[in-house]
>>> print(open('coords09.txt').read())   # compact mmCIF, C-alpha atoms
# COMPACT_ATOMS: atom_id res chain seq x y z
CA MET A 235 24.61 -19.37 80.04
CA GLU A 236 26.99 -20.99 82.47
CA ALA A 237 30.73 -20.20 82.28
CA TRP A 238 31.24 -23.79 81.08
CA GLU A 239 29.43 -25.75 78.43
CA ILE A 240 28.74 -29.45 77.92
CA ILE A 241 30.45 -30.41 74.70
CA SER A 242 28.30 -33.30 73.51
CA ALA A 243 25.65 -35.29 75.33
CA ASP A 244 25.95 -38.10 72.77
CA ALA A 245 29.72 -38.29 73.25
CA PHE A 246 29.30 -38.29 77.00
CA THR A 247 26.71 -41.12 76.89
CA GLU A 248 28.82 -43.16 74.51
CA GLY A 249 31.85 -42.52 76.71
CA ARG A 250 30.12 -44.07 79.74
CA LYS A 251 29.06 -47.34 78.13
CA LEU A 252 32.13 -49.33 79.01
CA GLU A 253 32.17 -48.09 82.62
CA ASP A 254 28.49 -49.09 82.99
CA LYS A 255 29.36 -52.59 81.80
CA ASN A 256 32.43 -52.72 84.06
CA LEU A 257 34.45 -53.57 80.96
CA TYR A 258 37.14 -50.92 81.19
CA PRO A 259 38.46 -51.71 84.72
CA ALA A 260 38.17 -55.45 84.07
CA VAL A 261 40.25 -55.26 80.89
CA LYS A 262 42.85 -53.04 82.54
CA GLU A 263 43.16 -55.41 85.52
CA ARG A 264 43.54 -58.41 83.21
CA ILE A 265 46.37 -56.72 81.28
CA LEU A 266 48.09 -55.67 84.50
CA GLN A 267 48.01 -59.26 85.74
CA SER A 268 49.53 -60.55 82.51
CA MET A 269 52.26 -57.92 82.63
CA GLU A 270 53.28 -59.08 86.10
CA HIS A 271 54.34 -62.44 84.70
CA THR A 272 56.15 -61.29 81.60
CA ARG A 273 58.75 -58.81 80.51
CA GLU A 274 57.73 -55.21 79.93
CA LEU A 275 55.63 -54.91 76.79
CA SER A 276 56.59 -52.68 73.89
CA ASP A 277 54.04 -50.13 72.68
CA GLU A 278 53.05 -52.38 69.77
CA GLU A 279 52.70 -55.46 71.99
CA LEU A 280 50.64 -53.51 74.51
CA SER A 281 48.27 -52.31 71.77
CA LEU A 282 47.80 -55.88 70.53
CA ARG A 283 47.16 -57.15 74.07
CA ILE A 284 44.52 -54.45 74.62
CA ASP A 285 42.78 -55.34 71.34
CA GLU A 286 42.74 -59.04 72.24
CA GLU A 287 41.26 -58.43 75.67
CA LEU A 288 38.60 -56.04 74.37
CA GLN A 289 37.54 -58.57 71.71
CA LYS A 290 37.27 -61.35 74.30
CA ARG A 291 35.13 -59.30 76.67
CA ASP A 292 33.11 -57.32 74.15
CA LYS A 293 31.11 -60.25 72.71
CA THR A 294 28.06 -59.49 74.82
CA SER A 295 28.32 -55.70 75.07
CA LEU A 296 27.63 -55.03 71.36
CA LEU A 297 29.59 -51.80 71.38
CA SER A 298 30.21 -49.99 68.13
CA PHE A 299 33.63 -50.23 66.54
CA PRO A 300 34.36 -46.49 67.13
CA ALA A 301 33.51 -46.88 70.83
CA ARG A 302 35.80 -49.88 71.15
CA ARG A 303 38.63 -48.05 69.41
CA GLN A 304 38.06 -45.07 71.70
CA TYR A 305 38.60 -47.25 74.73
CA ALA A 306 41.54 -49.09 73.23
CA THR A 307 43.19 -45.67 72.84
CA ARG A 308 42.23 -44.70 76.37
CA LEU A 309 43.56 -47.96 77.85
CA PHE A 310 46.86 -47.50 76.05
CA ALA A 311 47.09 -43.94 77.35
CA SER A 312 46.41 -45.13 80.90
CA PHE A 313 49.49 -47.38 80.70
CA ARG A 314 51.82 -45.14 78.76
CA LYS A 315 50.53 -41.56 78.98
CA PHE A 316 47.78 -39.58 80.72
CA GLY A 317 44.77 -41.84 80.45
CA VAL A 318 41.49 -40.03 79.94
CA LEU A 319 43.33 -36.68 79.87
CA GLN A 320 45.48 -37.63 76.89
CA GLU A 321 43.01 -36.15 74.39
CA LEU A 322 43.14 -32.80 76.20
CA ILE A 323 46.93 -32.91 76.59
CA GLU A 324 47.35 -33.39 72.85
CA ASP A 325 44.87 -30.65 71.89
CA GLU A 326 47.07 -27.59 71.33
CA GLU A 327 44.08 -25.23 71.67
CA VAL A 328 43.43 -26.39 75.25
CA THR A 329 45.22 -24.08 77.69
CA GLU A 330 44.02 -25.41 81.06
CA ILE A 331 42.81 -28.79 82.34
CA LEU A 332 40.93 -28.92 85.65
CA VAL A 333 40.13 -32.26 87.29
CA ASN A 334 37.61 -32.01 90.15
CA GLY A 335 37.57 -35.61 91.34
CA PRO A 336 37.21 -38.64 89.06
CA SER A 337 33.88 -37.71 87.44
CA ARG A 338 34.22 -33.98 86.65
CA ILE A 339 36.86 -32.76 84.22
CA PHE A 340 36.85 -29.25 82.76
CA TYR A 341 39.11 -27.61 80.22
CA GLU A 342 39.69 -24.12 78.87
CA LYS A 343 39.74 -23.46 75.15
CA LYS A 344 39.82 -19.97 73.64
CA GLY A 345 39.17 -18.44 77.03
CA THR A 346 36.00 -20.46 77.78
CA LEU A 347 35.62 -23.34 80.24
CA HIS A 348 33.94 -26.55 79.02
CA LEU A 349 32.91 -29.79 80.68
CA PHE A 350 34.85 -32.73 79.19
CA HIS A 351 32.87 -35.80 78.16
CA GLY A 352 35.42 -38.24 79.60
CA THR A 353 35.75 -39.37 83.21
CA PHE A 354 38.06 -41.55 85.26
CA SER A 355 36.67 -45.03 85.88
CA SER A 356 37.50 -44.88 89.58
CA ASP A 357 39.35 -43.01 92.32
CA GLU A 358 42.16 -45.54 91.90
CA GLU A 359 42.67 -44.62 88.24
CA LEU A 360 42.87 -40.93 89.17
CA SER A 361 45.30 -41.75 91.99
CA ASP A 362 47.50 -43.75 89.61
CA LEU A 363 47.69 -40.82 87.21
CA ILE A 364 48.60 -38.43 90.04
CA GLN A 365 51.47 -40.67 91.12
CA THR A 366 52.67 -40.96 87.51
CA ILE A 367 52.66 -37.17 87.08
CA CYS A 368 54.54 -36.62 90.36
CA ALA A 369 57.13 -39.29 89.56
CA GLY A 370 57.78 -37.70 86.16
CA GLY A 371 58.37 -34.31 87.83
CA GLY A 372 60.57 -35.69 90.62
CA ARG A 373 57.98 -34.87 93.28
CA MET A 374 56.15 -36.93 95.90
CA VAL A 375 52.57 -36.59 97.09
CA ASN A 376 50.86 -38.61 99.83
CA GLU A 377 48.68 -38.20 102.91
CA ALA A 378 51.56 -36.56 104.78
CA SER A 379 52.16 -34.09 101.92
CA PRO A 380 48.80 -33.83 100.13
CA ILE A 381 49.54 -30.66 98.13
CA VAL A 382 52.25 -30.50 95.48
CA ASP A 383 53.33 -28.28 92.59
CA THR A 384 55.12 -30.03 89.75
CA ARG A 385 55.36 -29.96 85.96
CA LEU A 386 55.00 -32.17 82.93
CA LEU A 387 57.92 -32.96 80.65
CA ASP A 388 56.80 -30.23 78.23
CA GLY A 389 57.00 -27.66 81.04
CA SER A 390 53.24 -27.43 81.70
CA ARG A 391 52.54 -26.42 85.30
CA VAL A 392 50.64 -28.86 87.54
CA ASN A 393 49.03 -28.38 90.95
CA ILE A 394 47.68 -31.41 92.83
CA VAL A 395 45.53 -31.54 95.96
CA LEU A 396 44.66 -34.98 97.32
CA HIS A 397 41.44 -36.20 98.90
CA PRO A 398 40.35 -35.60 101.68
CA ILE A 399 41.95 -32.10 101.65
CA SER A 400 39.94 -31.73 98.45
CA LEU A 401 36.58 -32.88 99.80
CA ASP A 402 34.99 -34.16 96.58
CA GLY A 403 37.98 -36.10 95.31
CA SER A 404 41.59 -35.40 94.39
CA CYS A 405 42.11 -32.36 92.13
CA ILE A 406 44.57 -31.74 89.31
CA SER A 407 45.07 -28.31 87.73
CA ILE A 408 47.25 -28.24 84.60
CA ARG A 409 48.34 -24.98 82.97
CA LYS A 410 49.53 -26.01 79.52
CA PHE A 411 52.26 -24.29 77.58
CA SER A 412 52.76 -24.24 73.85
CA LYS A 413 55.10 -26.88 72.45
CA GLU A 414 56.77 -24.09 70.52
CA PRO A 415 58.04 -21.37 72.90
CA MET A 416 56.32 -18.04 72.41
CA ASN A 417 58.62 -15.39 71.01
CA MET A 418 58.23 -11.66 70.59
CA GLN A 419 57.06 -12.01 67.00
CA THR A 420 54.19 -14.23 68.15
CA LEU A 421 53.17 -11.71 70.81
CA LEU A 422 53.26 -8.96 68.19
CA ALA A 423 51.03 -11.05 65.92
CA TYR A 424 48.57 -11.47 68.81
CA GLY A 425 48.56 -7.72 69.40
CA SER A 426 49.95 -8.02 72.92
CA LEU A 427 52.24 -5.05 72.35
CA SER A 428 53.36 -2.70 69.58
CA ASP A 429 56.44 -2.82 67.36
CA GLU A 430 57.73 0.34 69.02
CA ILE A 431 57.49 -1.18 72.50
CA ALA A 432 59.10 -4.46 71.37
CA GLU A 433 62.07 -2.57 69.92
CA TYR A 434 62.31 -0.46 73.08
CA LEU A 435 62.26 -3.52 75.35
CA GLU A 436 64.94 -5.19 73.26
CA LYS A 437 67.30 -2.27 73.90
CA LEU A 438 66.46 -2.25 77.62
CA VAL A 439 67.26 -5.96 77.96
CA ILE A 440 70.50 -5.65 76.00
CA ALA A 441 71.54 -2.66 78.11
CA GLY A 442 71.13 -4.73 81.29
CA TYR A 443 68.15 -3.05 82.96
CA ASN A 444 66.61 -5.07 85.80
CA ILE A 445 63.04 -5.77 84.67
CA PHE A 446 60.18 -7.15 86.73
CA VAL A 447 57.00 -8.41 85.03
CA SER A 448 53.74 -8.20 86.99
CA GLY A 449 50.19 -9.29 86.29
CA GLY A 450 47.28 -11.37 87.49
CA THR A 451 46.81 -15.12 87.11
CA GLY A 452 46.70 -16.09 83.44
CA SER A 453 47.95 -12.73 82.19
CA GLY A 454 50.93 -14.34 80.43
CA LYS A 455 53.85 -13.43 82.71
CA THR A 456 55.87 -16.59 82.03
CA THR A 457 55.22 -16.34 78.31
CA PHE A 458 56.33 -12.72 78.28
CA LEU A 459 59.48 -13.59 80.24
CA ASN A 460 60.32 -16.21 77.61
CA ALA A 461 59.90 -13.60 74.90
CA LEU A 462 62.07 -11.04 76.70
CA SER A 463 64.84 -13.61 77.17
CA GLU A 464 65.42 -13.86 73.42
CA PHE A 465 66.96 -10.38 73.59
CA ILE A 466 69.68 -11.48 76.05
CA PRO A 467 73.08 -11.40 74.30
CA LYS A 468 74.03 -14.94 73.29
CA ASP A 469 77.49 -14.80 74.87
CA GLN A 470 76.15 -14.31 78.40
CA ARG A 471 75.73 -16.92 81.14
CA VAL A 472 72.13 -17.16 82.38
CA VAL A 473 70.89 -18.91 85.52
CA THR A 474 67.13 -19.50 85.87
CA ILE A 475 65.51 -20.20 89.25
CA GLU A 476 61.98 -21.60 89.51
CA ASP A 477 59.65 -23.52 91.78
CA SER A 478 58.71 -25.74 88.86
CA ALA A 479 60.72 -25.28 85.69
CA GLU A 480 58.42 -23.65 83.13
CA LEU A 481 60.65 -21.21 81.27
CA GLN A 482 61.57 -22.22 77.73
CA LEU A 483 64.61 -20.13 76.85
CA ASN A 484 65.97 -20.58 73.34
CA GLY A 485 69.30 -19.63 71.85
CA ILE A 486 71.23 -19.36 75.13
CA ALA A 487 74.09 -21.85 75.08
CA ASN A 488 75.46 -21.02 78.54
CA LEU A 489 72.25 -21.74 80.45
CA VAL A 490 71.85 -23.24 83.93
CA ARG A 491 68.33 -24.17 85.07
CA LEU A 492 67.69 -24.58 88.80
CA GLU A 493 64.50 -25.93 90.34
CA THR A 494 63.37 -26.11 93.97
CA ARG A 495 62.93 -29.37 95.83
CA THR A 496 60.26 -30.11 98.39
CA ALA A 497 60.82 -32.29 101.45
CA GLY A 498 60.43 -35.88 100.38
CA PHE A 499 61.53 -39.06 101.99
CA GLU A 500 63.15 -38.99 105.39
CA GLY A 501 66.51 -37.24 105.26
CA VAL A 502 65.71 -35.34 102.03
CA ALA A 503 65.85 -31.64 102.92
CA PRO A 504 63.80 -29.09 100.99
CA ILE A 505 65.63 -26.58 98.78
CA GLY A 506 63.79 -23.32 98.24
CA ILE A 507 64.08 -20.29 95.98
CA ARG A 508 66.23 -18.44 98.55
CA ASP A 509 68.74 -21.31 98.62
CA LEU A 510 68.92 -21.36 94.84
CA ILE A 511 69.46 -17.60 94.53
CA LYS A 512 72.31 -17.76 97.03
CA THR A 513 74.03 -20.62 95.23
CA ALA A 514 73.37 -19.06 91.80
CA LEU A 515 75.44 -16.04 92.81
CA ARG A 516 78.44 -18.38 93.13
CA MET A 517 77.96 -19.70 89.61
CA ARG A 518 79.24 -16.58 87.83
CA PRO A 519 75.91 -15.57 86.28
CA SER A 520 75.72 -12.73 83.79
CA ARG A 521 72.00 -12.63 84.48
CA LEU A 522 69.55 -14.14 86.95
CA ILE A 523 65.99 -15.01 85.95
CA VAL A 524 63.60 -15.81 88.79
CA GLY A 525 60.43 -17.44 87.49
CA GLU A 526 58.19 -15.98 90.16
CA CYS A 527 58.69 -14.18 93.47
CA ARG A 528 56.11 -15.18 96.06
CA GLY A 529 57.78 -14.51 99.40
CA ALA A 530 61.01 -13.90 101.27
CA GLU A 531 63.14 -14.62 98.20
CA ALA A 532 62.42 -11.04 97.07
CA ILE A 533 65.07 -9.70 99.47
CA ASP A 534 67.69 -12.05 97.98
CA LEU A 535 66.81 -11.02 94.42
CA LEU A 536 67.00 -7.33 95.32
CA SER A 537 70.30 -7.89 97.11
CA ALA A 538 71.71 -9.63 94.03
CA ASN A 539 70.52 -6.80 91.78
CA ASN A 540 72.12 -4.25 94.08
CA THR A 541 75.48 -6.00 94.15
CA GLY A 542 76.43 -5.88 90.49
CA HIS A 543 74.18 -8.49 88.86
CA SER A 544 72.40 -6.26 86.38
CA GLY A 545 70.01 -7.41 83.69
CA SER A 546 67.97 -9.73 85.92
CA LEU A 547 64.38 -10.66 85.08
CA GLY A 548 61.56 -11.80 87.34
CA THR A 549 57.79 -11.97 87.73
CA GLY A 550 55.20 -11.51 90.47
CA HIS A 551 51.44 -11.44 90.95
CA ALA A 552 49.84 -7.99 91.21
CA ASN A 553 46.92 -5.97 89.88
CA SER A 554 48.98 -2.93 88.84
CA THR A 555 52.50 -1.55 88.94
CA TYR A 556 51.76 0.26 92.21
CA ASP A 557 50.33 -2.94 93.69
CA MET A 558 53.50 -4.76 92.68
CA ILE A 559 55.61 -2.33 94.66
CA GLY A 560 53.41 -2.90 97.71
CA ARG A 561 53.67 -6.66 97.29
CA LEU A 562 57.46 -6.47 96.99
CA GLU A 563 57.57 -4.50 100.25
CA THR A 564 55.50 -7.21 101.95
CA MET A 565 57.64 -10.00 100.51
CA VAL A 566 60.83 -8.36 101.73
CA LEU A 567 59.35 -8.07 105.23
CA MET A 568 58.60 -11.80 105.12
CA GLY A 569 62.33 -12.44 104.91
CA MET A 570 63.87 -9.67 106.96
CA GLU A 571 62.80 -7.02 109.46
CA LEU A 572 63.83 -3.73 107.85
CA PRO A 573 62.51 -0.17 108.14
CA LEU A 574 60.09 0.61 105.31
CA PRO A 575 62.24 3.50 103.96
CA ALA A 576 65.19 1.10 103.66
CA ILE A 577 63.05 -1.47 101.84
CA ARG A 578 61.82 1.14 99.39
CA ARG A 579 65.36 2.26 98.64
CA GLN A 580 66.31 -1.39 97.99
CA ILE A 581 63.38 -1.82 95.58
CA ALA A 582 64.01 1.48 93.78
CA SER A 583 67.69 0.69 93.24
CA GLY A 584 67.26 -3.06 92.59
CA ILE A 585 64.50 -2.89 89.97
CA ASP A 586 64.73 -0.51 87.03
CA LEU A 587 61.44 -1.15 85.24
CA LEU A 588 58.06 -2.74 85.88
CA ILE A 589 56.04 -4.21 83.00
CA HIS A 590 52.41 -4.85 83.90
CA LEU A 591 50.36 -7.33 81.87
CA GLY A 592 46.63 -7.87 81.89
CA ARG A 593 43.96 -10.14 80.49
CA LEU A 594 41.14 -8.02 79.08
CA ARG A 595 37.45 -8.88 79.00
CA ASP A 596 37.77 -10.16 75.41
CA LYS A 597 40.32 -12.72 76.75
CA SER A 598 43.24 -11.01 75.00
CA ARG A 599 46.50 -10.49 76.89
CA LYS A 600 48.26 -7.15 76.55
CA VAL A 601 51.03 -5.03 78.00
CA LEU A 602 49.04 -2.48 80.00
CA GLU A 603 51.84 -0.35 81.42
CA ILE A 604 55.61 0.06 81.43
CA ALA A 605 56.97 2.16 84.29
CA GLU A 606 60.44 3.15 85.39
CA LEU A 607 61.20 3.24 89.11
CA ALA A 608 62.45 6.80 89.23
CA GLY A 609 63.58 6.80 92.88
CA VAL A 610 62.23 7.55 96.35
CA GLU A 611 60.59 10.91 96.94
CA ASP A 612 59.00 11.96 100.25
CA GLY A 613 59.37 8.39 101.47
CA GLU A 614 57.43 6.92 98.51
CA ILE A 615 58.70 5.16 95.38
CA ARG A 616 57.99 7.39 92.39
CA LEU A 617 56.99 5.76 89.12
CA ASN A 618 57.78 7.28 85.75
CA VAL A 619 55.20 5.75 83.38
CA LEU A 620 56.74 5.27 79.94
CA TYR A 621 53.91 3.54 78.03
CA ARG A 622 50.26 2.89 78.83
CA PHE A 623 47.58 1.00 76.91
CA ALA A 624 44.40 2.99 76.28
CA GLU A 625 41.18 1.43 75.02
CA VAL A 626 39.67 3.10 71.97
CA ARG A 627 36.58 1.00 71.29
CA GLU A 628 35.09 -2.48 71.38
CA LYS A 629 34.17 -3.92 68.00
CA LYS A 630 32.49 -7.31 67.57
CA GLY A 631 33.58 -8.34 71.04
CA GLN A 632 37.24 -7.39 70.42
CA ILE A 633 38.89 -4.55 72.31
CA GLU A 634 40.83 -2.10 70.16
CA GLY A 635 43.28 0.36 71.61
CA LYS A 636 46.70 1.93 71.34
CA TRP A 637 49.82 2.32 73.42
CA GLU A 638 50.50 5.89 74.41
CA LYS A 639 54.04 7.05 75.14
CA THR A 640 53.67 9.05 78.36
CA GLY A 641 57.26 9.61 79.49
CA SER A 642 60.97 9.23 78.76
CA LEU A 643 63.60 7.20 80.55
CA ILE A 644 65.20 9.14 83.42
CA HIS A 645 68.04 6.80 84.43
CA ARG A 646 69.99 6.54 81.18
CA GLU A 647 73.39 5.35 82.45
CA LYS A 648 72.97 1.73 81.26
CA TRP A 649 71.26 2.89 78.07
CA GLU A 650 74.17 5.13 77.08
CA ALA A 651 76.79 2.60 78.22
CA ALA A 652 75.24 0.14 75.75
CA GLY A 653 75.75 2.66 72.95
CA PHE A 654 72.10 3.59 72.36
>>> encode(input="coords09.txt", output="structure tokens")
Amino acid sequence: MEAWEIISADAFTEGRKLEDKNLYPAVKERILQSMEHTRELSDEELSLRIDEELQKRDKTSLLSFPARRQYATRLFASFRKFGVLQELIEDEEVTEILVNGPSRIFYEKKGTLHLFHGTFSSDEELSDLIQTICAGGGRMVNEASPIVDTRLLDGSRVNIVLHPISLDGSCISIRKFSKEPMNMQTLLAYGSLSDEIAEYLEKLVIAGYNIFVSGGTGSGKTTFLNALSEFIPKDQRVVTIEDSAELQLNGIANLVRLETRTAGFEGVAPIGIRDLIKTALRMRPSRLIVGECRGAEAIDLLSANNTGHSGSLGTGHANSTYDMIGRLETMVLMGMELPLPAIRRQIASGIDLLIHLGRLRDKSRKVLEIAELAGVEDGEIRLNVLYRFAEVREKKGQIEGKWEKTGSLIHREKWEAAGF
């Protein structure tokens, strides 16, 4: 079986009827023309106008009432929301939406990719949606800048690549986030970690250990960072720094959220992660949270951690804790030419613990390893593994395992200072 599945051939056929009759674009164009000569319509007035136009033009098409209502909903969404994608946006079980040009839309639900029955009526409709998404996220995309990362109002992450960079039509990739921020109790219910580890991490965060979360794409790094942040003492000032704001921190009153800016119109200079880290240090932060380190900003984060800003949190892509150390070394070199021994000392003193997450073959996300950076020995960073997930068996397609405690914390200064 393919990795994706066609949901319903009947739904797909029914969904194409209006495009085949050219009804959908004609109705939309007629409403747009009427809106140009009147004040902006309210939601109720727009719904009525759509119904009137569909009734006028549907006399010869003999469409069923459900099909007509389906397209009335879709037309409304194209004016006010996300058009054909609205159904997927509203489905809380859908975690990813992948648009490969106007006629191929896929989505992920429960870890499996499916082909969506809906399509865009034209390249122009897809282009209109792209511009709406970018405008809502304060970004700009055009032929001069055909690739953009932005977000939806609910924090969902969006990547857009325009045609002809994307050869078969403009692409949209949406990583959805839950409307309700994930907390540690939710992760415990999902079996992502144990009660013992959750309690241990709570004490580490309170004590002000610098923690870096690593993992592959889709392993839940941002979600886990949100959960860790609930342990930050409520009287502290937190500054978050992200490419596209995705973190959903709750219960922190003194919170400043910073987001990068790409080069836009002439005279609008880009503002990157490095710029935001530097300015954040002048904002009297108790803690810095960097959504994701991808490049030279790693040296600025390490410098901040090594100059008295303890308790910082961050994430990065890697396949293991050892791989994350190697990636951090590379990222530091992207920003500054330093001898490798000096870089390793910076990493070992700037990051206290690495938490590595993984997505297992049964689609579950788990904490796979927690390791303390114990220091530099013989020129190499030594890891002290504290917890490691071990598979026990696979039952009915579900992986069962346990977290083994494999070591004890070596650097206990912050731990004891916090009174633990």
>>> closest_residue(input="coords09.txt", among="A:Val619, A:Ile577, A:Leu602, A:Ala651", to="Leu427 (chain A)", atoms="all atoms listed in the file")
A:Leu602
>>> residues_near_point(input="coords09.txt", point="(76.8, -19.4, 81.0)", cutoff="10 Å", atoms="only C-alpha atoms", output="list of chain:residue names")
A:Lys468, A:Asp469, A:Gln470, A:Arg471, A:Val472, A:Val473, A:Ile486, A:Ala487, A:Asn488, A:Leu489, A:Val490, A:Met517, A:Arg518, A:Pro519, A:Ser520, A:Arg521
>>> write_last_selection(input="coords09.txt", atoms="C-alpha atoms", output="compact mmCIF listing (two decimals), in the frame of the given file")
# COMPACT_ATOMS: atom_id res chain seq x y z
CA LYS A 468 74.03 -14.94 73.29
CA ASP A 469 77.49 -14.80 74.87
CA GLN A 470 76.15 -14.31 78.40
CA ARG A 471 75.73 -16.92 81.14
CA VAL A 472 72.13 -17.16 82.38
CA VAL A 473 70.89 -18.91 85.52
CA ILE A 486 71.23 -19.36 75.13
CA ALA A 487 74.09 -21.85 75.08
CA ASN A 488 75.46 -21.02 78.54
CA LEU A 489 72.25 -21.74 80.45
CA VAL A 490 71.85 -23.24 83.93
CA MET A 517 77.96 -19.70 89.61
CA ARG A 518 79.24 -16.58 87.83
CA PRO A 519 75.91 -15.57 86.28
CA SER A 520 75.72 -12.73 83.79
CA ARG A 521 72.00 -12.63 84.48
>>> closest_atom_pairs(input="coords09.txt", of="region 540-612 of chain A", to="region 528-534 of chain A", cutoff="9 Å", atoms="all atoms listed in the file", output="CSV")
residue,atom,partner,partner_atom,distance
A:Gly550,CA,A:Arg528,CA,6.7
A:His551,CA,A:Arg528,CA,7.9
A:Arg561,CA,A:Arg528,CA,8.9
A:Leu562,CA,A:Ala532,CA,6.7
A:Glu563,CA,A:Ala532,CA,8.7
A:Thr564,CA,A:Gly529,CA,8.1
A:Met565,CA,A:Gly529,CA,4.6
A:Val566,CA,A:Ile533,CA,5.0
A:Leu567,CA,A:Ala530,CA,7.2
A:Met568,CA,A:Ala530,CA,5.0
A:Gly569,CA,A:Ala530,CA,4.1
A:Met570,CA,A:Ile533,CA,7.6
A:Ile577,CA,A:Ile533,CA,8.8
A:Gln580,CA,A:Ile533,CA,8.5
A:Ile581,CA,A:Ile533,CA,8.9
>>> axis_aligned_box(input="coords09.txt", around="region 340-358 of chain A", padding_each_side="4 Å", output="AutoDock Vina command-line options")
--center_x 37.5 --center_y -32.0 --center_z 83.0 --size_x 17.3 --size_y 35.1 --size_z 26.7
>>> residues_near_point(input="coords09.txt", point="(36.9, -5.5, 73.6)", cutoff="6 Å", atoms="all atoms listed in the file", output="list in words")
Asp596, Glu628, Gly631, Gln632 and Ile633 of chain A
>>> atom_distance(input="coords09.txt", atom1="CA of Gly403 (chain A)", atom2="CA of Pro336 (chain A)")
6.8 Å
>>> closest_residue(input="coords09.txt", among="A:Thr420, A:Ser426, A:Ser642, A:Thr474", to="Arg599 (chain A)", atoms="only C-alpha atoms")
A:Ser426
>>> closest_residue(input="coords09.txt", among="A:Gly485, A:Arg578, A:Ser407, A:Leu588", to="Gly560 (chain A)", atoms="all atoms listed in the file")
A:Arg578
>>> residues_around(input="coords09.txt", residues="Gln365 (chain A)", least_positions_apart="4", cutoff="10 Å", atoms="all atoms listed in the file", output="list in words")
Leu360, Ser361, Ala369, Gly370, Gly371, Arg373, Met374, Val375 and Asn376 of chain A
>>> atom_distance(input="coords09.txt", atom1="CA of Leu435 (chain A)", atom2="CA of Gly609 (chain A)")
20.4 Å
>>> residues_around(input="coords09.txt", residues="region 446-459 of chain A", least_positions_apart="2", cutoff="7 Å", atoms="only C-alpha atoms", output="list in words")
Met416, Asn444, Ala461, Leu462, Ser463, Leu481, Leu547, Gly548, Thr549, Gly550, His551, Ala552, Asn553, Ser554, Met558, Ile585, Leu587, Leu588, Ile589, His590, Leu591, Gly592, Arg593 and Arg599 of chain A
>>> closest_residue(input="coords09.txt", among="A:Ser390, A:Ile615, A:Ile431, A:His543", to="Pro415 (chain A)", atoms="only C-alpha atoms")
A:Ser390
>>> atom_distance(input="coords09.txt", atom1="CA of Gly641 (chain A)", atom2="CA of Phe465 (chain A)")
23.0 Å
>>> residues_around(input="coords09.txt", residues="region 327-334 of chain A", least_positions_apart="6", cutoff="6 Å", atoms="only C-alpha atoms", output="ChimeraX atom specification")
/A:340-343,405-410
>>> write_last_selection(input="coords09.txt", atoms="C-alpha atoms", output="PDB file, in the coordinates of the input")
ATOM      1  CA  PHE A 340      36.850 -29.250  82.760  1.00  0.00           C
ATOM      2  CA  TYR A 341      39.110 -27.610  80.220  1.00  0.00           C
ATOM      3  CA  GLU A 342      39.690 -24.120  78.870  1.00  0.00           C
ATOM      4  CA  LYS A 343      39.740 -23.460  75.150  1.00  0.00           C
ATOM      5  CA  CYS A 405      42.110 -32.360  92.130  1.00  0.00           C
ATOM      6  CA  ILE A 406      44.570 -31.740  89.310  1.00  0.00           C
ATOM      7  CA  SER A 407      45.070 -28.310  87.730  1.00  0.00           C
ATOM      8  CA  ILE A 408      47.250 -28.240  84.600  1.00  0.00           C
ATOM      9  CA  ARG A 409      48.340 -24.980  82.970  1.00  0.00           C
ATOM     10  CA  LYS A 410      49.530 -26.010  79.520  1.00  0.00           C
TER      11      LYS A 410
END
>>> closest_residue(input="coords09.txt", among="A:Asn417, A:Ser404, A:Thr496, A:Asn460", to="Asp383 (chain A)", atoms="only C-alpha atoms")
A:Thr496
>>> residues_around(input="coords09.txt", residues="Leu319 (chain A)", least_positions_apart="6", cutoff="9 Å", atoms="only C-alpha atoms", output="PyMOL selection string")
chain A and resi 308+311+331+339+352-354
>>> closest_residue(input="coords09.txt", among="A:Ile394, A:Leu322, A:Leu617, A:Ile511", to="Gly335 (chain A)", atoms="all atoms listed in the file")
A:Ile394
